[in-house]
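Reproduced below: data-v4.cif, with mmCIF, C-alpha atoms and all ligand atoms.
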```cif
data_target
#
loop_
_atom_site.group_PDB
_atom_site.id
_atom_site.type_symbol
_atom_site.label_atom_id
_atom_site.label_comp_id
_atom_site.auth_asym_id
_atom_site.auth_seq_id
_atom_site.Cartn_x
_atom_site.Cartn_y
_atom_site.Cartn_z
ATOM 1 C CA MET A 1 41.084 48.778 59.842
ATOM 2 C CA GLY A 2 39.383 48.732 56.442
ATOM 3 C CA LYS A 3 36.617 46.586 57.935
ATOM 4 C CA TYR A 4 35.908 49.198 60.640
ATOM 5 C CA VAL A 5 35.848 52.058 58.127
ATOM 6 C CA TRP A 6 33.484 50.065 55.941
ATOM 7 C CA ALA A 7 31.241 49.303 58.940
ATOM 8 C CA VAL A 8 31.105 53.007 59.922
ATOM 9 C CA GLU A 9 30.257 54.017 56.351
ATOM 10 C CA LYS A 10 27.530 51.362 56.111
ATOM 11 C CA LYS A 11 26.271 52.393 59.572
ATOM 12 C CA SER A 12 26.279 48.728 60.638
ATOM 13 C CA ASP A 13 24.268 48.056 63.745
ATOM 14 C CA ASN A 14 26.982 46.903 66.108
ATOM 15 C CA LEU A 15 28.646 48.083 69.268
ATOM 16 C CA TRP A 16 31.892 49.147 67.548
ATOM 17 C CA VAL A 17 30.073 51.481 65.137
ATOM 18 C CA LYS A 18 28.004 52.983 67.951
ATOM 19 C CA TRP A 19 31.111 53.592 70.034
ATOM 20 C CA ALA A 20 33.104 54.980 67.071
ATOM 21 C CA THR A 21 30.244 57.288 66.052
ATOM 22 C CA LEU A 22 29.763 58.541 69.593
ATOM 23 C CA TYR A 23 33.471 58.961 70.191
ATOM 24 C CA THR A 24 34.302 60.664 66.900
ATOM 25 C CA LEU A 25 31.289 62.984 67.082
ATOM 26 C CA ASN A 26 32.166 64.161 70.575
ATOM 27 C CA ASN A 27 35.924 64.071 70.773
ATOM 28 C CA ARG A 28 38.229 67.043 70.433
ATOM 29 C CA TYR A 29 39.656 65.909 67.088
ATOM 30 C CA GLY A 30 36.445 66.742 65.283
ATOM 31 C CA GLY A 31 35.375 63.246 64.297
ATOM 32 C CA TYR A 32 36.195 60.750 61.602
ATOM 33 C CA LYS A 33 35.797 62.027 58.034
ATOM 34 C CA PRO A 34 36.764 59.607 55.266
ATOM 35 C CA LYS A 35 37.552 61.007 51.825
ATOM 36 C CA ALA A 36 34.295 61.608 49.930
ATOM 37 C CA LEU A 37 35.281 59.385 47.016
ATOM 38 C CA VAL A 38 36.352 56.479 49.239
ATOM 39 C CA ALA A 39 33.204 56.881 51.372
ATOM 40 C CA ALA A 40 30.991 56.711 48.272
ATOM 41 C CA GLN A 41 32.798 53.589 47.069
ATOM 42 C CA PHE A 42 32.413 51.946 50.482
ATOM 43 C CA GLN A 43 28.683 52.693 50.411
ATOM 44 C CA MET A 44 28.420 50.703 47.161
ATOM 45 C CA MET A 45 29.987 47.564 48.673
ATOM 46 C CA PRO A 46 27.207 45.171 49.755
ATOM 47 C CA GLN A 47 29.576 43.195 51.950
ATOM 48 C CA TYR A 48 33.085 43.607 53.304
ATOM 49 C CA SER A 49 35.938 42.381 51.115
ATOM 50 C CA ILE A 50 39.545 42.921 52.204
ATOM 51 C CA THR A 51 40.743 42.832 48.562
ATOM 52 C CA GLU A 52 38.239 45.478 47.464
ATOM 53 C CA VAL A 53 38.919 47.727 50.457
ATOM 54 C CA TYR A 54 42.668 47.503 49.907
ATOM 55 C CA ALA A 55 42.238 48.401 46.217
ATOM 56 C CA LYS A 56 40.007 51.368 47.054
ATOM 57 C CA LEU A 57 42.316 52.712 49.773
ATOM 58 C CA THR A 58 45.538 52.345 47.797
ATOM 59 C CA GLY A 59 44.093 53.308 44.408
ATOM 60 C CA GLU A 60 44.888 51.833 41.022
ATOM 61 C CA PHE A 61 48.506 51.054 40.178
ATOM 62 C CA GLU A 62 50.010 50.318 36.818
ATOM 63 C CA LYS A 63 51.252 46.731 36.895
ATOM 64 C CA LYS A 64 54.863 46.631 35.731
ATOM 65 C CA PRO A 65 55.546 43.951 33.118
ATOM 66 C CA TRP A 66 58.542 42.697 35.094
ATOM 67 C CA SER A 67 56.648 42.205 38.353
ATOM 68 C CA THR A 68 55.512 38.648 37.527
ATOM 69 C CA VAL A 69 59.087 37.767 36.563
ATOM 70 C CA ILE A 70 60.712 39.361 39.603
ATOM 71 C CA TRP A 71 58.307 37.850 42.136
ATOM 72 C CA GLY A 72 58.189 34.338 40.664
ATOM 73 C CA ARG A 73 57.991 31.319 42.969
ATOM 74 C CA MET A 74 61.477 30.026 42.134
ATOM 75 C CA GLY A 75 63.287 33.188 43.195
ATOM 76 C CA ILE A 76 65.102 33.448 46.510
ATOM 77 C CA PRO A 77 63.396 36.250 48.511
ATOM 78 C CA ARG A 78 66.579 38.233 49.285
ATOM 79 C CA HIS A 79 67.540 38.036 45.585
ATOM 80 C CA GLN A 80 64.052 39.184 44.575
ATOM 81 C CA PHE A 81 64.114 42.150 46.927
ATOM 82 C CA CYS A 82 67.555 43.253 45.735
ATOM 83 C CA SER A 83 66.448 42.894 42.084
ATOM 84 C CA TRP A 84 63.268 44.846 42.771
ATOM 85 C CA LEU A 85 65.366 47.709 44.170
ATOM 86 C CA ALA A 86 67.754 47.473 41.206
ATOM 87 C CA THR A 87 64.930 47.606 38.626
ATOM 88 C CA GLN A 88 63.816 50.867 40.200
ATOM 89 C CA GLY A 89 67.320 52.318 40.505
ATOM 90 C CA ARG A 90 67.096 52.384 44.295
ATOM 91 C CA LEU A 91 70.345 50.692 45.333
ATOM 92 C CA MET A 92 72.798 53.011 47.053
ATOM 93 C CA THR A 93 75.415 53.201 44.308
ATOM 94 C CA ARG A 94 78.487 55.406 44.714
ATOM 95 C CA GLU A 95 77.271 57.749 42.007
ATOM 96 C CA LYS A 96 74.175 58.381 44.140
ATOM 97 C CA LEU A 97 76.126 58.615 47.403
ATOM 98 C CA GLN A 98 78.583 61.106 45.903
ATOM 99 C CA SER A 99 75.770 63.301 44.611
ATOM 100 C CA TRP A 100 74.462 63.426 48.212
ATOM 101 C CA GLY A 101 77.919 64.357 49.501
ATOM 102 C CA VAL A 102 78.268 61.109 51.473
ATOM 103 C CA CYS A 103 81.123 59.642 49.449
ATOM 104 C CA ASP A 104 84.304 61.146 47.944
ATOM 105 C CA SER A 105 84.523 58.964 44.842
ATOM 106 C CA ASN A 106 81.947 57.681 42.372
ATOM 107 C CA LYS A 107 84.261 55.031 40.894
ATOM 108 C CA CYS A 108 83.007 51.441 40.604
ATOM 109 C CA LEU A 109 84.230 49.435 43.601
ATOM 110 C CA ILE A 110 84.680 46.323 41.451
ATOM 111 C CA CYS A 111 86.649 47.602 38.441
ATOM 112 C CA ASP A 112 87.737 51.043 39.740
ATOM 113 C CA GLU A 113 87.433 52.436 36.211
ATOM 114 C CA HIS A 114 83.923 53.728 35.558
ATOM 115 C CA THR A 115 81.168 55.579 37.410
ATOM 116 C CA GLU A 116 79.292 53.175 39.670
ATOM 117 C CA ASP A 117 75.635 53.545 38.746
ATOM 118 C CA HIS A 118 72.916 50.980 38.057
ATOM 119 C CA ARG A 119 73.619 50.842 34.346
ATOM 120 C CA HIS A 120 77.295 50.163 34.935
ATOM 121 C CA LEU A 121 76.775 47.506 37.612
ATOM 122 C CA PHE A 122 73.982 45.757 35.656
ATOM 123 C CA PHE A 123 75.771 44.893 33.347
ATOM 124 C CA ASP A 124 78.306 47.224 31.708
ATOM 125 C CA CYS A 125 81.024 46.383 34.228
ATOM 126 C CA GLU A 126 83.392 43.706 32.895
ATOM 127 C CA TYR A 127 82.977 41.572 36.044
ATOM 128 C CA SER A 128 79.188 41.587 36.002
ATOM 129 C CA ARG A 129 79.032 41.163 32.205
ATOM 130 C CA ARG A 130 81.106 37.989 32.381
ATOM 131 C CA CYS A 131 79.040 36.583 35.275
ATOM 132 C CA LEU A 132 75.797 37.269 33.396
ATOM 133 C CA SER A 133 77.162 35.794 30.200
ATOM 134 C CA GLU A 134 78.068 32.497 31.896
ATOM 135 C CA ILE A 135 74.739 32.236 33.727
ATOM 136 C CA LYS A 136 72.774 33.010 30.547
ATOM 137 C CA GLN A 137 74.565 30.215 28.781
ATOM 138 C CA TRP A 138 74.031 27.867 31.745
ATOM 139 C CA CYS A 139 70.247 28.260 32.010
ATOM 140 C CA GLY A 140 69.393 28.785 28.340
ATOM 141 C CA ILE A 141 68.785 32.557 28.133
ATOM 142 C CA THR A 142 69.598 32.989 24.458
ATOM 143 C CA ILE A 143 69.113 36.755 24.017
ATOM 144 C CA ARG A 144 72.479 38.327 23.162
ATOM 145 C CA SER A 145 71.812 41.625 24.896
ATOM 146 C CA GLN A 146 73.520 42.321 28.221
ATOM 147 C CA ASP A 147 70.961 44.986 29.114
ATOM 148 C CA TRP A 148 68.947 43.588 32.032
ATOM 149 C CA GLN A 149 65.768 45.381 30.960
ATOM 150 C CA GLN A 150 65.936 43.687 27.581
ATOM 151 C CA VAL A 151 66.695 40.341 29.251
ATOM 152 C CA ILE A 152 63.648 40.755 31.524
ATOM 153 C CA HIS A 153 61.500 41.736 28.533
ATOM 154 C CA TRP A 154 62.772 38.619 26.750
ATOM 155 C CA LEU A 155 61.757 36.473 29.749
ATOM 156 C CA VAL A 156 58.314 38.104 29.969
ATOM 157 C CA SER A 157 57.534 37.778 26.267
ATOM 158 C CA ARG A 158 59.075 34.336 25.741
ATOM 159 C CA ARG A 159 56.350 31.734 25.343
ATOM 160 C CA ARG A 160 58.343 28.954 23.684
ATOM 161 C CA ASP A 161 59.842 27.701 26.964
ATOM 162 C CA SER A 162 57.691 26.267 29.763
ATOM 163 C CA LYS A 163 56.603 28.476 32.640
ATOM 164 C CA TYR A 164 58.861 26.515 34.972
ATOM 165 C CA ARG A 165 61.953 27.145 32.826
ATOM 166 C CA ARG A 166 61.188 30.843 32.589
ATOM 167 C CA MET A 167 60.825 31.027 36.378
ATOM 168 C CA VAL A 168 64.187 29.285 36.812
ATOM 169 C CA GLN A 169 65.784 31.706 34.319
ATOM 170 C CA ALA A 170 64.278 34.670 36.182
ATOM 171 C CA ALA A 171 65.600 33.275 39.485
ATOM 172 C CA ALA A 172 69.049 32.950 37.881
ATOM 173 C CA LEU A 173 68.970 36.556 36.667
ATOM 174 C CA GLU A 174 67.980 37.747 40.149
ATOM 175 C CA ALA A 175 70.794 35.708 41.667
ATOM 176 C CA VAL A 176 73.275 37.426 39.322
ATOM 177 C CA ILE A 177 72.015 40.875 40.358
ATOM 178 C CA TYR A 178 72.200 39.942 44.046
ATOM 179 C CA CYS A 179 75.688 38.414 43.822
ATOM 180 C CA ILE A 180 77.055 41.389 41.879
ATOM 181 C CA TRP A 181 75.719 43.701 44.568
ATOM 182 C CA GLN A 182 77.148 41.400 47.238
ATOM 183 C CA ALA A 183 80.567 41.396 45.511
ATOM 184 C CA ARG A 184 80.441 45.189 45.366
ATOM 185 C CA ASN A 185 79.631 45.353 49.097
ATOM 186 C CA LEU A 186 82.420 42.917 49.899
ATOM 187 C CA ALA A 187 84.813 45.219 48.031
ATOM 188 C CA LEU A 188 83.525 48.150 50.098
ATOM 189 C CA TRP A 189 83.636 46.564 53.546
ATOM 190 C CA GLU A 190 86.415 43.978 53.284
ATOM 191 C CA GLY A 191 88.451 45.261 50.345
ATOM 192 C CA LYS A 192 88.255 41.985 48.427
ATOM 193 C CA ILE A 193 86.294 40.760 45.412
ATOM 194 C CA PRO A 194 85.409 37.086 44.830
ATOM 195 C CA CYS A 195 86.726 35.748 41.524
ATOM 196 C CA ILE A 196 84.230 35.343 38.676
ATOM 197 C CA ALA A 197 84.426 31.530 38.792
ATOM 198 C CA HIS A 198 83.522 31.548 42.490
ATOM 199 C CA THR A 199 80.563 33.915 41.992
ATOM 200 C CA VAL A 200 79.243 31.929 39.016
ATOM 201 C CA LYS A 201 79.542 28.634 40.919
ATOM 202 C CA LYS A 202 77.670 30.089 43.900
ATOM 203 C CA ILE A 203 74.863 31.408 41.677
ATOM 204 C CA LYS A 204 74.461 28.020 39.977
ATOM 205 C CA CYS A 205 74.396 26.131 43.317
ATOM 206 C CA ASP A 206 71.930 28.538 44.987
ATOM 207 C CA VAL A 207 69.536 28.643 42.026
ATOM 208 C CA LYS A 208 69.564 24.899 41.365
ATOM 209 C CA HIS A 209 69.066 24.064 45.038
ATOM 210 C CA ARG A 210 66.163 26.512 45.350
ATOM 211 C CA CYS A 211 64.451 25.419 42.116
ATOM 212 C CA ILE A 212 64.631 21.739 43.066
ATOM 213 C CA THR A 213 63.470 22.431 46.647
ATOM 214 C CA VAL A 214 60.333 24.345 45.591
ATOM 215 C CA MET A 215 59.710 22.392 42.395
ATOM 216 C CA PRO A 216 55.970 22.249 41.572
ATOM 217 C CA LYS A 217 54.317 18.805 41.748
ATOM 218 C CA LYS A 218 52.998 19.107 38.209
ATOM 219 C CA ILE A 219 56.071 19.447 36.064
ATOM 220 C CA SER A 220 56.937 17.777 32.780
ATOM 221 C CA GLN A 221 59.556 15.033 32.642
ATOM 222 C CA ASN A 222 61.508 17.249 30.239
ATOM 223 C CA ASP A 223 61.706 20.077 32.764
ATOM 224 C CA ARG A 224 62.572 17.664 35.571
ATOM 225 C CA ARG A 225 65.473 16.209 33.581
ATOM 226 C CA TRP A 226 66.550 19.686 32.518
ATOM 227 C CA ILE A 227 66.844 21.110 36.051
ATOM 228 C CA GLU A 228 68.531 17.979 37.398
ATOM 229 C CA ALA A 229 71.105 18.119 34.600
ATOM 230 C CA LEU A 230 71.918 21.811 35.139
HETATM 231 ZN ZN ZN A 301 82.906 48.293 37.227
#
```
Written form, structure tokens:
Amino acid sequence: MGKYVWAVEKKSDNLWVKWATLYTLNNRYGGYKPKALVAAQFQMMPQYSITEVYAKLTGEFEKKPWSTVIWGRMGIPRHQFCSWLATQGRLMTREKLQSWGVCDSNKCLICDEHTEDHRHLFFDCEYSRRCLSEIKQWCGITIRSQDWQQVIHWLVSRRRDSKYRRMVQAAALEAVIYCIWQARNLALWEGKIPCIAHTVKKIKCDVKHRCITVMPKKISQNDRRWIEAL
């Protein structure tokens, strides 16, 4: 679509532009009128570029520091998507559902003691705190904090470890977030919660399998030995 808009703005000499001009000038909708600013920017483009058009149509966005960590190559897509929602506070927690009048209780489905919001699930809840603690120890995340924002910041700013290790650690953190949310949903729909040992074992298996399957060709012997020994 961007290519057509660009062609109309540049008044390219082709059949599509002639048809679009004729149609939009004569039709009952009053014709095509792009925003003045976008039109001016299109006029300045000597040739069509899908990247440039996309940037101009969507505008400038602030790049979040965690985005490179969340969308790393080692992560499992469903874990990444769930983590992306969690970082923005967009999971349907009971605290949110109760405030909308959809749910009677706002109690955490895992511990049944505290209000179930993002802060509690990730990782104030005893269950999630213990899962995170074991996974941190397993993959070498040495920051003591249990606050996921601080853990992500630690991963982003850490330069001592190789890029591969940091991607594996990010994938592990995403797997924890996903499995906590999955445990919470299991409690909701089936009334049962997997034990911590089971959840931790599943996270380790999933992450290791994924990180070995998509392992980059250029990787140091140290990193290769490290992931195989995990
Ligand atoms: Zn809880």
I want to know what sits within 10 Å of range 127-140 of chain A, based on all atoms listed in the file, with residues of the same chain fewer than 4 positions away left out; could you give that as number ranges by chain?
A: 110-111, 120-123, 144-148, 151, 161, 165-166, 168-170, 172-173, 175-177, 179-181, 183, 193, 195-201, 203-204, 208, 226-227, 230
Go ahead and save the residues from that selection, with C-alpha atoms, as a PDB file, in the frame of the given file.
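Produced file part.pdb, reproduced below:
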```
ATOM      1  CA  ILE A 110      84.680  46.323  41.451  1.00  0.00           C
ATOM      2  CA  CYS A 111      86.649  47.602  38.441  1.00  0.00           C
ATOM      3  CA  HIS A 120      77.295  50.163  34.935  1.00  0.00           C
ATOM      4  CA  LEU A 121      76.775  47.506  37.612  1.00  0.00           C
ATOM      5  CA  PHE A 122      73.982  45.757  35.656  1.00  0.00           C
ATOM      6  CA  PHE A 123      75.771  44.893  33.347  1.00  0.00           C
ATOM      7  CA  ARG A 144      72.479  38.327  23.162  1.00  0.00           C
ATOM      8  CA  SER A 145      71.812  41.625  24.896  1.00  0.00           C
ATOM      9  CA  GLN A 146      73.520  42.321  28.221  1.00  0.00           C
ATOM     10  CA  ASP A 147      70.961  44.986  29.114  1.00  0.00           C
ATOM     11  CA  TRP A 148      68.947  43.588  32.032  1.00  0.00           C
ATOM     12  CA  VAL A 151      66.695  40.341  29.251  1.00  0.00           C
ATOM     13  CA  ASP A 161      59.842  27.701  26.964  1.00  0.00           C
ATOM     14  CA  ARG A 165      61.953  27.145  32.826  1.00  0.00           C
ATOM     15  CA  ARG A 166      61.188  30.843  32.589  1.00  0.00           C
ATOM     16  CA  VAL A 168      64.187  29.285  36.812  1.00  0.00           C
ATOM     17  CA  GLN A 169      65.784  31.706  34.319  1.00  0.00           C
ATOM     18  CA  ALA A 170      64.278  34.670  36.182  1.00  0.00           C
ATOM     19  CA  ALA A 172      69.049  32.950  37.881  1.00  0.00           C
ATOM     20  CA  LEU A 173      68.970  36.556  36.667  1.00  0.00           C
ATOM     21  CA  ALA A 175      70.794  35.708  41.667  1.00  0.00           C
ATOM     22  CA  VAL A 176      73.275  37.426  39.322  1.00  0.00           C
ATOM     23  CA  ILE A 177      72.015  40.875  40.358  1.00  0.00           C
ATOM     24  CA  CYS A 179      75.688  38.414  43.822  1.00  0.00           C
ATOM     25  CA  ILE A 180      77.055  41.389  41.879  1.00  0.00           C
ATOM     26  CA  TRP A 181      75.719  43.701  44.568  1.00  0.00           C
ATOM     27  CA  ALA A 183      80.567  41.396  45.511  1.00  0.00           C
ATOM     28  CA  ILE A 193      86.294  40.760  45.412  1.00  0.00           C
ATOM     29  CA  CYS A 195      86.726  35.748  41.524  1.00  0.00           C
ATOM     30  CA  ILE A 196      84.230  35.343  38.676  1.00  0.00           C
ATOM     31  CA  ALA A 197      84.426  31.530  38.792  1.00  0.00           C
ATOM     32  CA  HIS A 198      83.522  31.548  42.490  1.00  0.00           C
ATOM     33  CA  THR A 199      80.563  33.915  41.992  1.00  0.00           C
ATOM     34  CA  VAL A 200      79.243  31.929  39.016  1.00  0.00           C
ATOM     35  CA  LYS A 201      79.542  28.634  40.919  1.00  0.00           C
ATOM     36  CA  ILE A 203      74.863  31.408  41.677  1.00  0.00           C
ATOM     37  CA  LYS A 204      74.461  28.020  39.977  1.00  0.00           C
ATOM     38  CA  LYS A 208      69.564  24.899  41.365  1.00  0.00           C
ATOM     39  CA  TRP A 226      66.550  19.686  32.518  1.00  0.00           C
ATOM     40  CA  ILE A 227      66.844  21.110  36.051  1.00  0.00           C
ATOM     41  CA  LEU A 230      71.918  21.811  35.139  1.00  0.00           C
TER      42      LEU A 230
END
```
Skip Ala171 in chain A itself and residues of its chain fewer than 3 positions away, then list as a ChimeraX atom specification all residues within 8 Å of it, counting only C-alpha atoms.
/A:70,72,74-76,79-80,167-168,174-175,207
Pick out the closest residue to ligand ZN 301 (chain A) from this set: A:Thr142, A:Thr93, A:Gln98, A:Ser220. Count all atoms listed in the file.
A:Thr93
Show which residues sit within 8 Å of Lys107 in chain A, as a ChimeraX atom specification. Count only C-alpha atoms, and ignore same-chain residues fewer than 5 positions away.
/A:94-95,112-116
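The two atoms in question, CA of Glu126 in chain A and CA of Ile141 in chain A, are spaced 19.0 Å apart.
If you look at CA of Arg119 in chain A and CA of Leu97 in chain A, they are 15.4 Å away from each other.
Put simply, CA of Glu228 in chain A is 21.1 Å away from CA of Leu155 in chain A.
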Pick from A:Ile152, A:Asn185, A:Asp124, A:Lys218, whichever lies nearest to ligand ZN 301 (chain A) using only C-alpha atoms and all ligand atoms
A:Asp124
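When only C-alpha atoms and all ligand atoms are used to compute distances to ligand ZN 301 (chain A), the closest of the residues A:Asp206, A:Asp117, A:Asp104, A:Glu52 turns out to be A:Asp117.
Checking A:Cys108, A:Ile143, A:Ile212, A:Leu186 one by one against ligand ZN 301 (chain A), counting all atoms listed in the file, you find the shortest gap at A:Cys108.
Restricting the calculation to only C-alpha atoms and all ligand atoms, the smallest distance between ligand ZN 301 (chain A) and any of A:Ser99, A:Thr51, A:Asn106, A:Ser67 is found for A:Asn106.
Shortest separation to ligand ZN 301 (chain A) among A:Ala55, A:Ser157, A:His118, A:Lys217 occurs at residue A:His118, atoms counted being all atoms listed in the file.
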Need the axis-aligned box for range 215-218 of chain A with 4 Å each side, so what are the centre and edges in Å to one decimal, as JSON?
```
{"center_x": 56.4, "center_y": 20.6, "center_z": 40.3, "size_x": 14.7, "size_y": 11.6, "size_z": 12.2}
```
